[in-house]
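Here the structure is laid out as C-alpha cells; the discussion comes afterwards.
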Amino acid sequence: PAPKRREAIIGDLEKALDTTVYEGRVKGKNRLGFFRRGVDEVRIKRANDIETTAHEVAHLIDKRIPEIRNTWRSDKALREELRSVSYDQKSVPEGFAEGVRLFLTQPDVLVARAPKVHAWLESFAREHEYGPALRKAQEQMTGWFRQDALNRARSKIGSDKPLAEYFD
C-alpha cells in the first residue's frame with residue numbers, strides 16, 4: 001500500500017478545524033511548537049511533526065471551546081489525571097494538550113495512564129462538532145505510526161505527486 005503521509009494528515013486537520021499550521025520560527029532549545037491565541041495559528045519547529053501538531057491543536061480547541069475548561073475545573077479527579085499526563089505537573093491546560101496528543105497518536109497509552117481523560121475525550125469526540133475531525137486525525141495518526149518502517153521512510157521522502165503534476 002501507498003505510504004501514509006504526515007503532511008496529508010496535518011492538512012486534513014487544518015481544513016477540518018479552519019486553522020493554519022506553519023513550520024519554523026520556533027525559538028527555544030526545548031520548544032517544539034506553540035499556539036498563537038490571537039490569530040488561531042499553530043507553529044511547529046520540525047516539518048510535519050504530527051505529535052507536536054496534535055498538542056498545539058489541542059490548545060486551539062481549548063481556546064475555542066470554554067466548556068472544556070469548565071469541565072476540568074469542576075472535576076477534581078479529571079484535573080488530577082490531566083496533570084499526571086502533563087510534562088508540567090502544575091499545568092492542567094498542558095495536561096489537556098498532552099492528553100489530546102496521546103488520544104490522537106497513542107490512545108492505548110492514554111487509556112493506561114489516564115482512563116478518565118480517555119473516556120472524557122471519547123465522549124467529546126462523539127458529541128462535539130469537532131468529533132469527526134478528531135476521529136479522522138486519530139485514525140490517520142495511529143495509522144502513520146502503525147505502518148512499517150519502510151513506508152514511514154517513504155512517506156518522508158519527496159512529494160506525494162509526480163513533479164510533472166506541479167507544472168500542469
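Residues are named by chain letter and number: chains run A, B, ... in the order of the C-alpha cells, numbers start at 1 in each chain, and ligands are numbered from 1 in the order shown.
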Practice item. Mind listing the alpha helix (DSSP H) residues of segment 5-100 of chain A, per DSSP on the backbone, as a ChimeraX atom specification? Key: /A:6-17,50-64,66-74,76-85,92-100
Practice item. Write out as a ChimeraX atom specification the residues lying within 9 Å of Glu98 of chain A, counting only C-alpha atoms and excluding same-chain residues fewer than 4 positions away. Key: /A:54-55,58,82,85-87,93-94,102-103
Exercise for review: Find the residues around Phe145 of chain A up to 8 Å (only C-alpha atoms counted), leave out those fewer than 4 positions away in its own chain, and share them as JSON, numbers by chain.
Suggested key: {"A": [105, 141, 152]}
Review point. Atom CA of Glu56 of chain A to atom CA of Ser123 of chain A: how many Å, to one decimal?
Key: 20.6 Å
Point to revise | Polymer residues at most 9 Å from Lys27 of chain A, only C-alpha atoms, same-chain spacing of 5 or more positions, as a list in words | key: Leu32, Gly33 and Lys45 of chain A
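Here the question is which of A:Arg64, A:Thr52, A:Ile10, A:Glu23 gets nearest to Gly38 of chain A using only C-alpha atoms, and that residue is A:Arg64.
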